[in-house]
Amino acid sequence: MTGAGRAADVVGLATRRGLTVATAESLTAGMVAATLADVPGASSVLQGGVVAYQISVKQKLLNVDADLLARAGAVDARVAAAMADGARAAFSADIGVATTGVAGPSPHEGKPVGTVFTAISTASGTTTAEHHFSGGRDAIRAASRDAVLDELHAVLVGGTNSDQG
């Protein structure tokens, strides 16, 4: 399902369950939050979001550990998890969502173009996923948005007490 359709499902499910969502986005630069906000009624679900393109923003606004960023770089599952946790905490949301990765046109920190990590944080824990998308910059960013919305949808369908988060 594409971003807009999945976002409508997410907003509907989260609204019915009384859950709120916050985003922390690097390569998607606000696309996840914007896609959610395009859905009528999103204001009852979407708390807010951070576009964290720079390492300093990941550290200062999302509390991503500086040592982790120095060791692993920004494109890492543990960084995605910390970003999602940071968004959930910063916005007092029930669920935090994060994206970090390499949209291109060049590799970054030794990671090939299309490498993306997503994370979903809930009170039950944080899950991450690694993706390898192909195509140009726009396609990789859209695929990243769609992937994390699908993951968020799965958590909402399964419940925040499931093994998915």
# chains A, B, ... in the order shown; residues from 1 in each chain; ligands from 1

$ residues_around --residues "Thr35 (chain A)" --least-positions-apart "6" --cutoff "10 Å" --atoms "only C-alpha atoms" --output "mmCIF file with all heavy atoms, in the first residue's frame"
data_model
loop_
_atom_site.group_PDB
_atom_site.id
_atom_site.type_symbol
_atom_site.label_atom_id
_atom_site.label_comp_id
_atom_site.auth_asym_id
_atom_site.auth_seq_id
_atom_site.Cartn_x
_atom_site.Cartn_y
_atom_site.Cartn_z
ATOM 1 N N GLY A 3 1.941 5.320 0.670
ATOM 2 C CA GLY A 3 1.976 6.137 1.876
ATOM 3 C C GLY A 3 0.647 6.723 2.289
ATOM 4 O O GLY A 3 0.256 6.634 3.448
ATOM 5 N N ALA A 4 -0.083 7.337 1.365
ATOM 6 C CA ALA A 4 -1.330 8.013 1.712
ATOM 7 C C ALA A 4 -2.378 7.036 2.235
ATOM 8 O O ALA A 4 -3.030 7.298 3.253
ATOM 9 C CB ALA A 4 -1.870 8.778 0.511
ATOM 10 N N GLY A 5 -2.535 5.913 1.563
ATOM 11 C CA GLY A 5 -3.506 4.917 2.014
ATOM 12 C C GLY A 5 -3.128 4.309 3.353
ATOM 13 O O GLY A 5 -3.973 4.137 4.238
ATOM 14 N N ARG A 6 -1.842 3.994 3.511
ATOM 15 C CA ARG A 6 -1.382 3.414 4.768
ATOM 16 C C ARG A 6 -1.494 4.434 5.892
ATOM 17 O O ARG A 6 -1.857 4.101 7.012
ATOM 18 C CB ARG A 6 0.062 2.918 4.630
ATOM 19 C CG ARG A 6 0.594 2.260 5.887
ATOM 20 C CD ARG A 6 -0.266 1.115 6.382
ATOM 21 N NE ARG A 6 -0.036 -0.057 5.577
ATOM 22 C CZ ARG A 6 -0.916 -1.037 5.407
ATOM 23 N NH1 ARG A 6 -2.101 -0.985 5.994
ATOM 24 N NH2 ARG A 6 -0.638 -2.066 4.672
ATOM 25 N N ALA A 7 -1.192 5.701 5.608
ATOM 26 C CA ALA A 7 -1.302 6.745 6.622
ATOM 27 C C ALA A 7 -2.738 6.875 7.113
ATOM 28 O O ALA A 7 -2.977 7.043 8.313
ATOM 29 C CB ALA A 7 -0.798 8.076 6.077
ATOM 30 N N ALA A 8 -3.702 6.787 6.203
ATOM 31 C CA ALA A 8 -5.115 6.848 6.608
ATOM 32 C C ALA A 8 -5.457 5.684 7.530
ATOM 33 O O ALA A 8 -6.152 5.862 8.539
ATOM 34 C CB ALA A 8 -6.015 6.844 5.372
ATOM 35 N N ALA A 42 -5.770 13.755 11.708
ATOM 36 C CA ALA A 42 -4.423 13.418 12.173
ATOM 37 C C ALA A 42 -4.041 14.167 13.439
ATOM 38 O O ALA A 42 -3.198 13.692 14.208
ATOM 39 C CB ALA A 42 -3.403 13.692 11.080
ATOM 40 N N ARG A 145 9.567 5.911 3.663
ATOM 41 C CA ARG A 145 8.325 6.393 4.287
ATOM 42 C C ARG A 145 7.286 5.289 4.319
ATOM 43 O O ARG A 145 6.673 5.014 5.359
ATOM 44 C CB ARG A 145 7.783 7.587 3.503
ATOM 45 C CG ARG A 145 6.430 8.089 4.015
ATOM 46 C CD ARG A 145 5.650 8.827 2.954
ATOM 47 N NE ARG A 145 5.408 7.977 1.797
ATOM 48 C CZ ARG A 145 5.286 8.437 0.559
ATOM 49 N NH1 ARG A 145 5.378 9.716 0.291
ATOM 50 N NH2 ARG A 145 5.050 7.590 -0.434
ATOM 51 N N ASP A 146 7.088 4.619 3.186
ATOM 52 C CA ASP A 146 6.076 3.569 3.102
ATOM 53 C C ASP A 146 6.412 2.399 4.025
ATOM 54 O O ASP A 146 5.520 1.836 4.675
ATOM 55 C CB ASP A 146 5.924 3.090 1.665
ATOM 56 C CG ASP A 146 5.338 4.158 0.748
ATOM 57 O OD1 ASP A 146 4.883 5.212 1.242
ATOM 58 O OD2 ASP A 146 5.359 3.936 -0.478
ATOM 59 N N LEU A 149 5.678 3.360 7.676
ATOM 60 C CA LEU A 149 4.231 3.416 7.899
ATOM 61 C C LEU A 149 3.637 2.012 7.955
ATOM 62 O O LEU A 149 2.733 1.746 8.765
ATOM 63 C CB LEU A 149 3.548 4.257 6.817
ATOM 64 C CG LEU A 149 3.760 5.771 6.926
ATOM 65 C CD1 LEU A 149 3.208 6.478 5.697
ATOM 66 C CD2 LEU A 149 3.149 6.323 8.212
#

$ residues_around --residues "region 116-121 of chain A" --least-positions-apart "6" --cutoff "8 Å" --atoms "only C-alpha atoms" --output "number ranges by chain"
A: 75-77, 80-81, 83-85, 88, 95-102, 127-133, 144, 147-148, 151-152, 165

$ select_by_dssp --residues "chain A" --states "strand (DSSP E)" --output "number ranges by chain"
A: 21-25, 46-51, 95-101, 115-122, 125-132

$ closest_residue --among "A:Glu25, A:Asp38, A:Asp9, A:Asp94" --to "His153 (chain A)" --atoms "only C-alpha atoms"
A:Asp9

$ residues_around --residues "Gly30 (chain A)" --least-positions-apart "5" --cutoff "9 Å" --atoms "only C-alpha atoms" --output "ChimeraX atom specification"
/A:23-25,35,49-51

$ residues_around --residues "Leu61 (chain A)" --least-positions-apart "4" --cutoff "9 Å" --atoms "only C-alpha atoms" --output "PDB file with N, CA and C atoms, in the first residue's frame"
ATOM      1  N   VAL A  50      10.607  15.585  14.430  1.00  0.00           N
ATOM      2  CA  VAL A  50      11.908  16.239  14.320  1.00  0.00           C
ATOM      3  C   VAL A  50      12.548  15.779  13.019  1.00  0.00           C
ATOM      4  N   ALA A  52      15.921  15.332  11.684  1.00  0.00           N
ATOM      5  CA  ALA A  52      17.251  15.233  12.289  1.00  0.00           C
ATOM      6  C   ALA A  52      18.265  14.807  11.233  1.00  0.00           C
ATOM      7  N   SER A  56      24.347  16.535  15.171  1.00  0.00           N
ATOM      8  CA  SER A  56      24.115  17.384  16.346  1.00  0.00           C
ATOM      9  C   SER A  56      22.639  17.415  16.735  1.00  0.00           C
ATOM     10  N   VAL A  57      21.749  17.363  15.763  1.00  0.00           N
ATOM     11  CA  VAL A  57      20.311  17.363  16.053  1.00  0.00           C
ATOM     12  C   VAL A  57      19.914  16.026  16.670  1.00  0.00           C
ATOM     13  N   GLY A  86      13.814   8.690  21.356  1.00  0.00           N
ATOM     14  CA  GLY A  86      13.926  10.117  21.621  1.00  0.00           C
ATOM     15  C   GLY A  86      12.701  10.892  21.192  1.00  0.00           C
ATOM     16  N   ALA A  87      12.132  10.537  20.050  1.00  0.00           N
ATOM     17  CA  ALA A  87      10.914  11.204  19.585  1.00  0.00           C
ATOM     18  C   ALA A  87       9.753  10.910  20.520  1.00  0.00           C
ATOM     19  N   ALA A  90      10.453  12.991  23.682  1.00  0.00           N
ATOM     20  CA  ALA A  90      10.397  14.442  23.474  1.00  0.00           C
ATOM     21  C   ALA A  90       8.979  14.955  23.297  1.00  0.00           C
TER      22      ALA A  90
END

$ atom_distance --atom1 "CA of Ser124 (chain A)" --atom2 "CA of Ala14 (chain A)"
16.2 Å

$ select_by_dssp --residues "chain A" --states "alpha helix (DSSP H)" --output "ChimeraX atom specification"
/A:3-17,31-37,55-62,66-72,77-90,137-158

$ atom_distance --atom1 "CA of Ser134 (chain A)" --atom2 "CA of Gln59 (chain A)"
29.0 Å

$ closest_residue --among "A:Ala93, A:Ala34, A:Leu156, A:Ile55" --to "Ala74 (chain A)" --atoms "only C-alpha atoms"
A:Ile55

$ residues_around --residues "Thr15 (chain A)" --least-positions-apart "2" --cutoff "10 Å" --atoms "only C-alpha atoms" --output "JSON, numbers by chain"
{"A": [9, 10, 11, 12, 13, 17, 18, 19, 20, 41, 42, 43, 44, 45, 46]}

$ write_last_selection --atoms "all heavy atoms" --output "mmCIF file, in the first residue's frame"
data_model
loop_
_atom_site.group_PDB
_atom_site.id
_atom_site.type_symbol
_atom_site.label_atom_id
_atom_site.label_comp_id
_atom_site.auth_asym_id
_atom_site.auth_seq_id
_atom_site.Cartn_x
_atom_site.Cartn_y
_atom_site.Cartn_z
ATOM 1 N N ASP A 9 -4.943 4.498 7.213
ATOM 2 C CA ASP A 9 -5.166 3.334 8.084
ATOM 3 C C ASP A 9 -4.547 3.560 9.457
ATOM 4 O O ASP A 9 -5.149 3.243 10.487
ATOM 5 C CB ASP A 9 -4.554 2.073 7.463
ATOM 6 C CG ASP A 9 -5.276 1.597 6.216
ATOM 7 O OD1 ASP A 9 -6.414 2.051 5.962
ATOM 8 O OD2 ASP A 9 -4.692 0.757 5.499
ATOM 9 N N VAL A 10 -3.330 4.092 9.479
ATOM 10 C CA VAL A 10 -2.621 4.336 10.736
ATOM 11 C C VAL A 10 -3.373 5.345 11.591
ATOM 12 O O VAL A 10 -3.593 5.121 12.790
ATOM 13 C CB VAL A 10 -1.172 4.820 10.452
ATOM 14 C CG1 VAL A 10 -0.552 5.467 11.681
ATOM 15 C CG2 VAL A 10 -0.308 3.656 9.983
ATOM 16 N N VAL A 11 -3.777 6.448 10.991
ATOM 17 C CA VAL A 11 -4.494 7.472 11.750
ATOM 18 C C VAL A 11 -5.805 6.908 12.296
ATOM 19 O O VAL A 11 -6.152 7.122 13.460
ATOM 20 C CB VAL A 11 -4.731 8.737 10.896
ATOM 21 C CG1 VAL A 11 -5.714 9.694 11.575
ATOM 22 C CG2 VAL A 11 -3.401 9.437 10.627
ATOM 23 N N GLY A 12 -6.522 6.150 11.479
ATOM 24 C CA GLY A 12 -7.772 5.548 11.941
ATOM 25 C C GLY A 12 -7.559 4.587 13.102
ATOM 26 O O GLY A 12 -8.271 4.653 14.119
ATOM 27 N N LEU A 13 -6.588 3.701 12.973
ATOM 28 C CA LEU A 13 -6.305 2.742 14.045
ATOM 29 C C LEU A 13 -5.830 3.430 15.315
ATOM 30 O O LEU A 13 -6.286 3.108 16.422
ATOM 31 C CB LEU A 13 -5.250 1.731 13.590
ATOM 32 C CG LEU A 13 -5.707 0.608 12.695
ATOM 33 C CD1 LEU A 13 -4.498 -0.107 12.075
ATOM 34 C CD2 LEU A 13 -6.552 -0.385 13.485
ATOM 35 N N ARG A 17 -7.677 3.546 19.012
ATOM 36 C CA ARG A 17 -6.969 3.008 20.177
ATOM 37 C C ARG A 17 -6.531 4.087 21.153
ATOM 38 O O ARG A 17 -5.993 3.793 22.213
ATOM 39 C CB ARG A 17 -5.757 2.201 19.714
ATOM 40 C CG ARG A 17 -6.219 0.973 18.912
ATOM 41 C CD ARG A 17 -5.180 -0.074 18.719
ATOM 42 N NE ARG A 17 -4.668 -0.528 19.989
ATOM 43 C CZ ARG A 17 -3.429 -0.971 20.172
ATOM 44 N NH1 ARG A 17 -2.597 -1.037 19.168
ATOM 45 N NH2 ARG A 17 -3.034 -1.367 21.348
ATOM 46 N N GLY A 18 -6.735 5.350 20.788
ATOM 47 C CA GLY A 18 -6.352 6.452 21.667
ATOM 48 C C GLY A 18 -4.848 6.604 21.819
ATOM 49 O O GLY A 18 -4.373 7.001 22.886
ATOM 50 N N LEU A 19 -4.101 6.329 20.749
ATOM 51 C CA LEU A 19 -2.638 6.386 20.804
ATOM 52 C C LEU A 19 -2.098 7.554 19.998
ATOM 53 O O LEU A 19 -2.673 7.931 18.971
ATOM 54 C CB LEU A 19 -2.048 5.084 20.256
ATOM 55 C CG LEU A 19 -2.402 3.821 21.034
ATOM 56 C CD1 LEU A 19 -1.913 2.585 20.300
ATOM 57 C CD2 LEU A 19 -1.823 3.889 22.446
ATOM 58 N N THR A 20 -0.991 8.102 20.463
ATOM 59 C CA THR A 20 -0.343 9.207 19.774
ATOM 60 C C THR A 20 0.996 8.761 19.185
ATOM 61 O O THR A 20 1.605 7.798 19.648
ATOM 62 C CB THR A 20 -0.119 10.386 20.730
ATOM 63 O OG1 THR A 20 0.653 9.935 21.854
ATOM 64 C CG2 THR A 20 -1.446 10.967 21.203
ATOM 65 N N GLY A 41 -8.147 14.420 10.552
ATOM 66 C CA GLY A 41 -8.203 13.847 11.890
ATOM 67 C C GLY A 41 -6.845 13.508 12.463
ATOM 68 O O GLY A 41 -6.744 13.029 13.601
ATOM 69 N N ALA A 42 -5.770 13.755 11.708
ATOM 70 C CA ALA A 42 -4.423 13.418 12.173
ATOM 71 C C ALA A 42 -4.041 14.167 13.439
ATOM 72 O O ALA A 42 -3.198 13.692 14.208
ATOM 73 C CB ALA A 42 -3.403 13.692 11.080
ATOM 74 N N SER A 43 -4.657 15.295 13.700
ATOM 75 C CA SER A 43 -4.288 16.080 14.885
ATOM 76 C C SER A 43 -4.583 15.338 16.183
ATOM 77 O O SER A 43 -3.990 15.648 17.215
ATOM 78 C CB SER A 43 -4.990 17.438 14.882
ATOM 79 O OG SER A 43 -6.388 17.267 14.909
ATOM 80 N N SER A 44 -5.432 14.346 16.148
ATOM 81 C CA SER A 44 -5.686 13.565 17.358
ATOM 82 C C SER A 44 -4.622 12.498 17.576
ATOM 83 O O SER A 44 -4.580 11.878 18.640
ATOM 84 C CB SER A 44 -7.076 12.917 17.292
ATOM 85 O OG SER A 44 -7.123 11.958 16.251
ATOM 86 N N VAL A 45 -3.754 12.292 16.596
ATOM 87 C CA VAL A 45 -2.751 11.232 16.643
ATOM 88 C C VAL A 45 -1.326 11.780 16.629
ATOM 89 O O VAL A 45 -0.493 11.394 17.436
ATOM 90 C CB VAL A 45 -2.950 10.261 15.450
ATOM 91 C CG1 VAL A 45 -1.806 9.277 15.342
ATOM 92 C CG2 VAL A 45 -4.280 9.549 15.558
ATOM 93 N N LEU A 46 -1.041 12.673 15.701
ATOM 94 C CA LEU A 46 0.323 13.142 15.474
ATOM 95 C C LEU A 46 0.693 14.218 16.481
ATOM 96 O O LEU A 46 0.143 15.315 16.466
ATOM 97 C CB LEU A 46 0.467 13.675 14.045
ATOM 98 C CG LEU A 46 1.854 14.142 13.627
ATOM 99 C CD1 LEU A 46 2.866 13.005 13.699
ATOM 100 C CD2 LEU A 46 1.802 14.732 12.216
#
